[in-house]
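Here is the file entry35.csv (CSV, C-alpha atoms).
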```
chain,number,residue,atom,x,y,z
A,1,MET,CA,0.1,120.2,14.8
A,2,SER,CA,-1.0,122.9,12.4
A,3,TRP,CA,2.6,123.7,11.6
A,4,LEU,CA,2.8,120.4,9.8
A,5,ARG,CA,0.4,121.8,7.3
A,6,ASN,CA,2.4,124.9,6.6
A,7,PRO,CA,2.8,125.2,2.8
A,8,TRP,CA,6.4,126.5,3.2
A,9,LEU,CA,7.3,123.4,5.2
A,10,HIS,CA,6.0,121.2,2.4
A,11,ARG,CA,7.9,123.2,-0.2
A,12,VAL,CA,11.2,122.8,1.7
A,13,LEU,CA,10.6,119.1,2.4
A,14,GLY,CA,9.6,118.6,-1.2
A,15,VAL,CA,12.7,120.2,-2.6
A,16,ALA,CA,15.0,118.5,-0.2
A,17,LEU,CA,13.5,115.0,-0.6
A,18,GLY,CA,12.9,115.5,-4.3
A,19,ALA,CA,16.6,116.5,-4.8
A,20,ILE,CA,17.7,113.3,-3.1
A,21,PHE,CA,15.4,111.2,-5.3
A,22,VAL,CA,16.4,112.9,-8.5
A,23,TYR,CA,20.0,112.4,-7.6
A,24,ALA,CA,19.3,108.7,-6.7
A,25,GLY,CA,17.4,108.0,-9.9
A,26,TYR,CA,19.8,110.0,-12.2
A,27,GLY,CA,22.8,108.0,-11.1
A,28,LYS,CA,21.3,104.7,-12.0
A,29,ILE,CA,19.7,105.6,-15.3
A,30,PRO,CA,22.7,105.5,-17.7
A,31,ASP,CA,23.3,101.8,-17.2
A,32,PRO,CA,20.7,99.7,-15.3
A,33,ARG,CA,22.7,96.5,-15.6
A,34,PRO,CA,24.8,96.8,-12.5
A,35,LEU,CA,21.6,97.5,-10.6
A,36,VAL,CA,20.5,94.0,-11.4
A,37,THR,CA,23.4,92.7,-9.4
A,38,ILE,CA,22.7,94.9,-6.5
A,39,ILE,CA,19.0,94.0,-6.3
A,40,TRP,CA,19.9,90.4,-6.7
A,41,ASN,CA,22.3,90.7,-3.7
A,42,TYR,CA,19.4,91.8,-1.5
A,43,ARG,CA,18.1,88.3,-1.8
A,44,VAL,CA,14.5,89.4,-1.2
A,45,LEU,CA,13.1,89.0,-4.8
A,46,PRO,CA,12.9,86.1,-7.1
A,47,ALA,CA,15.0,86.3,-10.3
A,48,GLY,CA,12.1,87.1,-12.6
A,49,PRO,CA,11.0,90.6,-11.6
A,50,ILE,CA,14.6,91.8,-10.8
A,51,ASN,CA,15.1,93.2,-14.2
A,52,LEU,CA,11.8,95.0,-14.3
A,53,MET,CA,12.7,96.7,-11.0
A,54,ALA,CA,16.1,97.7,-12.4
A,55,ILE,CA,14.5,99.1,-15.6
A,56,TYR,CA,11.7,101.1,-14.0
A,57,MET,CA,12.7,102.0,-10.4
A,58,PRO,CA,15.4,104.7,-11.4
A,59,TRP,CA,12.8,106.4,-13.6
A,60,LEU,CA,10.1,106.3,-10.9
A,61,GLU,CA,12.6,107.8,-8.5
A,62,LEU,CA,13.4,110.6,-11.0
A,63,VAL,CA,9.7,111.3,-11.8
A,64,VAL,CA,8.7,111.3,-8.2
A,65,GLY,CA,11.7,113.5,-7.3
A,66,LEU,CA,10.8,116.1,-9.9
A,67,ALA,CA,7.2,116.1,-8.8
A,68,LEU,CA,8.3,116.7,-5.2
A,69,ILE,CA,10.5,119.6,-6.3
A,70,THR,CA,8.1,121.3,-8.6
A,71,GLY,CA,5.0,120.7,-6.5
A,72,PHE,CA,3.2,119.0,-9.4
A,73,LYS,CA,1.1,116.2,-7.8
A,74,ARG,CA,3.3,116.5,-4.7
A,75,ARG,CA,1.0,114.5,-2.4
A,76,ALA,CA,0.9,111.6,-4.9
A,77,ALA,CA,4.7,111.8,-5.2
A,78,ALA,CA,4.9,111.7,-1.4
A,79,LEU,CA,2.7,108.5,-1.5
A,80,TRP,CA,5.2,106.9,-3.9
A,81,THR,CA,8.1,108.2,-1.8
A,82,THR,CA,6.6,106.7,1.3
A,83,GLY,CA,6.1,103.4,-0.5
A,84,LEU,CA,9.5,103.2,-2.0
A,85,LEU,CA,11.3,104.1,1.2
A,86,ALA,CA,9.2,101.6,3.2
A,87,SER,CA,10.2,98.9,0.8
A,88,PHE,CA,13.9,99.9,1.0
A,89,ILE,CA,13.7,99.9,4.8
A,90,VAL,CA,12.1,96.4,4.8
A,91,ALA,CA,14.7,95.0,2.3
A,92,LEU,CA,17.5,96.6,4.3
A,93,GLY,CA,16.0,95.5,7.6
A,94,ILE,CA,15.8,91.9,6.4
A,95,ASN,CA,19.5,91.9,5.5
A,96,ALA,CA,20.4,93.7,8.7
A,97,LEU,CA,18.6,90.9,10.7
A,98,ARG,CA,20.4,88.4,8.6
A,99,GLY,CA,23.7,90.1,9.5
A,100,VAL,CA,24.4,90.8,5.9
A,101,ASN,CA,25.7,94.2,4.9
A,102,VAL,CA,24.7,95.0,1.3
A,103,ALA,CA,25.6,97.5,-1.4
A,104,CYS,CA,22.4,99.6,-1.1
A,105,GLY,CA,22.3,100.9,-4.7
A,106,CYS,CA,20.8,104.1,-3.2
A,107,PHE,CA,22.7,106.7,-5.2
A,108,SER,CA,24.7,104.7,-7.7
A,109,ALA,CA,24.8,101.3,-9.2
A,110,SER,CA,28.1,100.4,-7.6
A,111,ALA,CA,28.1,97.0,-6.1
A,112,GLN,CA,31.3,97.9,-4.2
A,113,GLU,CA,29.6,100.5,-1.9
A,114,VAL,CA,28.8,98.1,0.9
A,115,HIS,CA,27.4,99.7,4.0
A,116,ASN,CA,26.1,98.6,7.4
A,117,ALA,CA,22.5,97.7,6.7
A,118,TRP,CA,21.3,99.2,10.1
A,119,LEU,CA,22.9,102.5,9.3
A,120,LEU,CA,21.1,102.6,5.9
A,121,VAL,CA,17.8,101.9,7.7
A,122,LEU,CA,18.5,104.8,10.0
A,123,ARG,CA,19.4,107.1,7.1
A,124,ASP,CA,16.0,106.3,5.5
A,125,LEU,CA,14.0,107.0,8.6
A,126,PRO,CA,14.1,110.9,8.4
A,127,MET,CA,13.3,110.7,4.7
A,128,ILE,CA,10.2,108.5,5.2
A,129,ALA,CA,9.1,110.9,8.0
A,130,ALA,CA,9.3,113.8,5.7
A,131,ALA,CA,7.4,112.0,3.0
A,132,MET,CA,4.7,111.0,5.5
A,133,VAL,CA,4.3,114.6,6.6
A,134,MET,CA,3.7,115.6,3.0
A,135,LEU,CA,1.3,112.6,2.5
A,136,PHE,CA,-0.8,112.8,5.7
A,137,PHE,CA,-0.7,116.5,6.5
A,138,PRO,CA,-1.4,118.3,3.2
A,139,PRO,CA,-1.3,122.1,3.3
A,140,ALA,CA,-4.6,123.5,4.5
A,141,ASP,CA,-6.8,125.1,1.9
A,142,ARG,CA,-6.1,128.9,2.2
A,143,GLY,CA,-9.8,129.6,1.4
A,144,ARG,CA,-11.0,127.5,4.2
A,145,LEU,CA,-8.5,128.8,6.7
A,146,ARG,CA,-9.2,132.5,5.9
A,147,PRO,CA,-12.8,132.6,4.7
A,148,GLY,CA,-12.9,136.4,4.9
A,149,ALA,CA,-9.6,136.9,3.1
B,1,MET,CA,-8.6,109.9,-1.8
B,2,ARG,CA,-9.5,108.8,-5.3
B,3,GLY,CA,-7.8,111.8,-6.7
B,4,LEU,CA,-4.6,110.9,-4.8
B,5,PHE,CA,-4.5,107.4,-6.3
B,6,ARG,CA,-5.3,108.8,-9.7
B,7,ASP,CA,-2.4,111.2,-9.4
B,8,ALA,CA,-0.1,108.4,-8.2
B,9,ALA,CA,-1.1,106.3,-11.2
B,10,LEU,CA,-0.3,109.3,-13.5
B,11,LEU,CA,3.2,109.5,-12.0
B,12,LEU,CA,3.7,105.8,-12.4
B,13,THR,CA,2.5,105.9,-16.0
B,14,VAL,CA,5.1,108.6,-16.8
B,15,ALA,CA,7.8,106.5,-15.2
B,16,LEU,CA,6.7,103.4,-17.0
B,17,VAL,CA,6.7,105.2,-20.4
B,18,LEU,CA,10.1,106.7,-19.8
B,19,GLY,CA,11.6,103.4,-18.5
B,20,THR,CA,10.1,101.4,-21.4
B,21,GLY,CA,11.5,103.9,-23.9
B,22,ALA,CA,14.9,103.9,-22.4
B,23,ASN,CA,15.0,100.1,-22.3
B,24,LEU,CA,14.4,100.0,-26.0
B,25,VAL,CA,17.7,101.7,-26.6
B,26,PRO,CA,19.9,98.8,-27.7
B,27,ALA,CA,23.1,100.0,-25.9
B,28,ARG,CA,21.4,99.8,-22.5
B,29,HIS,CA,18.8,97.2,-23.1
B,30,LEU,CA,18.0,94.7,-20.3
B,31,PRO,CA,15.9,91.6,-20.9
B,32,TRP,CA,12.4,92.5,-19.5
B,33,TRP,CA,12.3,89.4,-17.3
B,34,GLY,CA,15.2,88.4,-15.1
B,35,LYS,CA,15.5,84.8,-16.2
B,36,GLY,CA,18.8,84.4,-18.1
B,37,HIS,CA,20.3,87.6,-16.7
B,38,GLU,CA,21.6,86.4,-13.4
B,39,PRO,CA,24.5,88.5,-12.0
B,40,PRO,CA,28.0,87.3,-12.8
B,41,ARG,CA,29.5,84.9,-10.4
B,42,ALA,CA,33.2,84.5,-9.6
B,43,GLY,CA,34.4,81.1,-10.6
B,44,THR,CA,31.6,80.6,-13.1
B,45,ASP,CA,31.6,83.7,-15.3
B,46,PHE,CA,34.9,85.2,-14.3
B,47,ASN,CA,37.9,84.8,-12.1
B,48,LEU,CA,39.5,87.6,-10.1
B,49,ILE,CA,43.2,88.1,-10.6
B,50,ASP,CA,45.6,90.4,-8.7
B,51,PRO,CA,47.9,92.8,-10.6
B,52,GLY,CA,51.1,90.8,-9.9
B,53,SER,CA,49.6,87.6,-11.2
B,54,ALA,CA,48.2,89.4,-14.2
B,55,ASP,CA,51.6,90.7,-15.1
B,56,ALA,CA,53.1,87.3,-14.6
B,57,LEU,CA,50.6,85.9,-17.1
B,58,ARG,CA,51.4,88.8,-19.5
B,59,THR,CA,55.1,88.1,-19.4
B,60,SER,CA,55.0,84.3,-19.5
B,61,LEU,CA,52.2,83.6,-22.0
B,62,PRO,CA,52.6,84.5,-25.7
B,63,GLU,CA,49.2,86.2,-26.1
B,64,VAL,CA,47.3,87.7,-23.2
B,65,ALA,CA,44.5,90.0,-24.2
B,66,PHE,CA,43.8,93.0,-21.9
B,67,LEU,CA,40.5,94.8,-22.3
B,68,ASP,CA,40.2,98.3,-20.9
B,69,THR,CA,36.7,99.4,-20.0
B,70,ARG,CA,37.6,103.0,-19.1
B,71,SER,CA,36.9,106.1,-21.1
B,72,PRO,CA,38.9,106.9,-24.2
B,73,VAL,CA,40.5,109.8,-22.4
B,74,GLU,CA,41.6,107.6,-19.5
B,75,PHE,CA,42.9,105.0,-21.9
B,76,ALA,CA,44.9,107.5,-23.9
B,77,ALA,CA,46.5,108.8,-20.6
B,78,GLY,CA,48.0,105.4,-19.9
B,79,HIS,CA,47.0,101.7,-20.0
B,80,VAL,CA,48.3,98.2,-19.5
B,81,PRO,CA,50.8,97.4,-22.3
B,82,GLY,CA,49.0,95.9,-25.3
B,83,ALA,CA,45.5,96.6,-23.9
B,84,ARG,CA,42.6,97.4,-26.2
B,85,PRO,CA,39.8,99.7,-25.2
B,86,ILE,CA,36.2,98.4,-25.1
B,87,ASP,CA,33.0,100.3,-24.3
B,88,TYR,CA,30.7,98.1,-22.3
B,89,THR,CA,27.7,100.2,-23.1
B,90,GLU,CA,28.2,99.2,-26.8
B,91,VAL,CA,29.5,95.8,-26.1
B,92,GLN,CA,27.3,94.0,-28.7
B,93,ALA,CA,28.5,96.3,-31.5
B,94,GLN,CA,32.1,96.0,-30.4
B,95,LEU,CA,32.3,92.2,-30.1
B,96,THR,CA,32.5,91.7,-33.8
B,97,PRO,CA,33.1,88.1,-35.0
B,98,GLU,CA,36.7,89.1,-35.9
B,99,ARG,CA,37.3,90.4,-32.4
B,100,LEU,CA,35.7,87.4,-30.7
B,101,ARG,CA,37.9,85.1,-32.9
B,102,GLN,CA,41.0,87.0,-31.7
B,103,LEU,CA,39.9,86.7,-28.0
B,104,ARG,CA,39.1,83.0,-28.4
B,105,THR,CA,42.7,82.4,-29.6
B,106,ALA,CA,44.3,84.3,-26.8
B,107,ASP,CA,45.9,82.4,-24.0
B,108,ALA,CA,44.1,84.5,-21.4
B,109,VAL,CA,41.7,87.4,-21.4
B,110,ILE,CA,42.0,90.0,-18.6
B,111,VAL,CA,39.3,92.7,-18.2
B,112,TYR,CA,40.1,95.8,-16.2
B,113,GLY,CA,38.5,99.1,-15.3
B,114,ALA,CA,39.6,102.2,-13.3
B,115,GLY,CA,39.8,100.9,-9.8
B,116,ASP,CA,38.0,98.9,-7.1
B,117,GLU,CA,34.6,99.1,-8.7
B,118,ILE,CA,34.6,96.1,-11.0
B,119,GLU,CA,30.9,95.3,-11.5
B,120,VAL,CA,31.0,96.5,-15.2
B,121,GLU,CA,34.1,94.4,-15.8
B,122,GLN,CA,32.3,91.4,-14.2
B,123,LEU,CA,29.4,92.0,-16.6
B,124,LEU,CA,31.7,92.2,-19.6
B,125,ALA,CA,33.4,89.0,-18.5
B,126,GLN,CA,30.0,87.3,-18.2
B,127,GLU,CA,29.1,88.5,-21.7
B,128,LEU,CA,32.4,87.2,-23.1
B,129,GLN,CA,31.9,83.9,-21.4
B,130,ARG,CA,28.4,83.7,-22.9
B,131,GLN,CA,30.0,84.3,-26.3
B,132,GLY,CA,32.0,81.1,-25.9
B,133,LEU,CA,35.2,82.2,-24.2
B,134,PRO,CA,36.5,80.5,-21.1
B,135,PRO,CA,35.7,82.6,-18.0
B,136,PRO,CA,37.9,85.7,-18.4
B,137,TYR,CA,39.9,87.2,-15.6
B,138,VAL,CA,38.9,90.5,-13.9
B,139,LEU,CA,41.7,92.5,-12.6
B,140,ALA,CA,41.1,93.3,-8.9
B,141,GLY,CA,41.9,96.9,-8.2
B,142,GLY,CA,41.7,97.8,-11.8
B,143,PHE,CA,44.2,100.1,-13.5
B,144,ALA,CA,44.8,102.0,-10.2
B,145,GLY,CA,45.9,98.8,-8.6
B,146,TRP,CA,48.1,98.0,-11.6
B,147,GLN,CA,49.9,101.4,-11.2
B,148,GLN,CA,50.1,101.1,-7.5
B,149,SER,CA,51.9,97.8,-7.9
B,150,GLY,CA,54.5,99.6,-10.0
B,151,LEU,CA,53.8,97.6,-13.1
B,152,PRO,CA,54.6,98.9,-16.6
B,153,VAL,CA,52.2,101.3,-18.3
B,154,GLU,CA,51.9,102.2,-22.0
B,155,GLY,CA,50.7,105.5,-23.3
B,156,ALA,CA,51.1,109.1,-22.3
B,157,GLY,CA,51.0,108.5,-18.6
B,158,ARG,CA,54.2,106.4,-18.4
```
Since I need it in another form, could you write the structure as structure tokens?
Amino acid sequence: MSWLRNPWLHRVLGVALGAIFVYAGYGKIPDPRPLVTIIWNYRVLPAGPINLMAIYMPWLELVVGLALITGFKRRAAALWTTGLLASFIVALGINALRGVNVACGCFSASAQEVHNAWLLVLRDLPMIAAAMVMLFFPPADRGRLRPGA
Amino acid sequence: MRGLFRDAALLLTVALVLGTGANLVPARHLPWWGKGHEPPRAGTDFNLIDPGSADALRTSLPEVAFLDTRSPVEFAAGHVPGARPIDYTEVQAQLTPERLRQLRTADAVIVYGAGDEIEVEQLLAQELQRQGLPPPYVLAGGFAGWQQSGLPVEGAGR
């Protein structure tokens, strides 16, 4: 499993996943108000914190995405990415079990983009796998690997 | 492990600072707590109307106000006859007392956007309803639906 600690693998995963998160956050930042409707439609949160989520989540996605791309605090960004994707999967899974297809609000704040909730869960799985690789298999310290180098 | 959580807290702090700063911009401000900002609901905050029925209202009532939420370029290229542009991101500045008075005296207010995505139009309708208007209509299908129905267009794109 040492290949999971390959620094190049982490760079590639970081850029790929980071680009997705930057794109996701950037699309929602100009106007967070439609996002309120989308989060509301998930029916998993009480009314109170919905606005806080609409205010801050796009910025967290953007910051985390940039950190993944640049490598600055990449492992911490992977921790946030894992947490965010896990929460998305839980919210989507609840609606999939309810038989409700929701507008995911993944890449835009369009309430019209309704998708099959199970497909959205499936789409998130490879992303959370990539985030978990970066979180749980940090690149090995070169000094420790090659003490004589 | 402590370093990991410290770094995660640093990223969160950056996001919190940026989010707070952005939410202080009046044009895109959201109330911090969700109470009082429930999503617009059909039948309560707005009513959907199809293009044919909207045109029937336009031609049968003396004063029907159409509000166009699209960009100025799109508006200039063609719009519903008699429509007035409105920018939702600056809605508070644009809903002057004079304009609200005009909208209140209209026989019907119909809000439309570009196409099928009508969430911004629903939010605008909700805002108008909060300002004391009866629930406005939101045009299903937007301007694209209006054109596809072969209804009259005013402006350069006729």
Centre and edge lengths of an axis-aligned box around all listed atoms of stretch 137-142 of chain B, with 6 Å added on each side, are to be given in Å to one decimal, as AutoDock Vina command-line options.
```
--center_x 40.4 --center_y 92.5 --center_z -11.9 --size_x 15.0 --size_y 22.6 --size_z 19.4
```
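Straight-line separation from atom CA of A:Phe136 to atom CA of A:Ala16: 17.8 Å.
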Give as a ChimeraX atom specification every residue of chain B that touches chain A within 10 Å, counting all atoms listed in the file. /B:3-20,22-23,27-41,88-89,116-120,122-123
C-alpha atoms of the current selection, written as an mmCIF file, in the coordinates of the input:
```cif
data_model
loop_
_atom_site.group_PDB
_atom_site.id
_atom_site.type_symbol
_atom_site.label_atom_id
_atom_site.label_comp_id
_atom_site.auth_asym_id
_atom_site.auth_seq_id
_atom_site.Cartn_x
_atom_site.Cartn_y
_atom_site.Cartn_z
ATOM 1 C CA GLY B 3 -7.800 111.800 -6.700
ATOM 2 C CA LEU B 4 -4.600 110.900 -4.800
ATOM 3 C CA PHE B 5 -4.500 107.400 -6.300
ATOM 4 C CA ARG B 6 -5.300 108.800 -9.700
ATOM 5 C CA ASP B 7 -2.400 111.200 -9.400
ATOM 6 C CA ALA B 8 -0.100 108.400 -8.200
ATOM 7 C CA ALA B 9 -1.100 106.300 -11.200
ATOM 8 C CA LEU B 10 -0.300 109.300 -13.500
ATOM 9 C CA LEU B 11 3.200 109.500 -12.000
ATOM 10 C CA LEU B 12 3.700 105.800 -12.400
ATOM 11 C CA THR B 13 2.500 105.900 -16.000
ATOM 12 C CA VAL B 14 5.100 108.600 -16.800
ATOM 13 C CA ALA B 15 7.800 106.500 -15.200
ATOM 14 C CA LEU B 16 6.700 103.400 -17.000
ATOM 15 C CA VAL B 17 6.700 105.200 -20.400
ATOM 16 C CA LEU B 18 10.100 106.700 -19.800
ATOM 17 C CA GLY B 19 11.600 103.400 -18.500
ATOM 18 C CA THR B 20 10.100 101.400 -21.400
ATOM 19 C CA ALA B 22 14.900 103.900 -22.400
ATOM 20 C CA ASN B 23 15.000 100.100 -22.300
ATOM 21 C CA ALA B 27 23.100 100.000 -25.900
ATOM 22 C CA ARG B 28 21.400 99.800 -22.500
ATOM 23 C CA HIS B 29 18.800 97.200 -23.100
ATOM 24 C CA LEU B 30 18.000 94.700 -20.300
ATOM 25 C CA PRO B 31 15.900 91.600 -20.900
ATOM 26 C CA TRP B 32 12.400 92.500 -19.500
ATOM 27 C CA TRP B 33 12.300 89.400 -17.300
ATOM 28 C CA GLY B 34 15.200 88.400 -15.100
ATOM 29 C CA LYS B 35 15.500 84.800 -16.200
ATOM 30 C CA GLY B 36 18.800 84.400 -18.100
ATOM 31 C CA HIS B 37 20.300 87.600 -16.700
ATOM 32 C CA GLU B 38 21.600 86.400 -13.400
ATOM 33 C CA PRO B 39 24.500 88.500 -12.000
ATOM 34 C CA PRO B 40 28.000 87.300 -12.800
ATOM 35 C CA ARG B 41 29.500 84.900 -10.400
ATOM 36 C CA TYR B 88 30.700 98.100 -22.300
ATOM 37 C CA THR B 89 27.700 100.200 -23.100
ATOM 38 C CA ASP B 116 38.000 98.900 -7.100
ATOM 39 C CA GLU B 117 34.600 99.100 -8.700
ATOM 40 C CA ILE B 118 34.600 96.100 -11.000
ATOM 41 C CA GLU B 119 30.900 95.300 -11.500
ATOM 42 C CA VAL B 120 31.000 96.500 -15.200
ATOM 43 C CA GLN B 122 32.300 91.400 -14.200
ATOM 44 C CA LEU B 123 29.400 92.000 -16.600
#
```
Got a sec: who's within 12 Å of A:Ala131, counting all atoms listed in the file, leaving out chain neighbours fewer than 6 positions off, as a PyMOL selection string? chain A and resi 4+9-18+21+64-65+68+74-86+124-125+137-138
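Between atom CA of B:Glu98 and atom CA of B:Pro51 the separation is 27.9 Å.
As for atom CA of B:Ile49 and atom CA of B:Glu90, they are spaced 24.7 Å apart.
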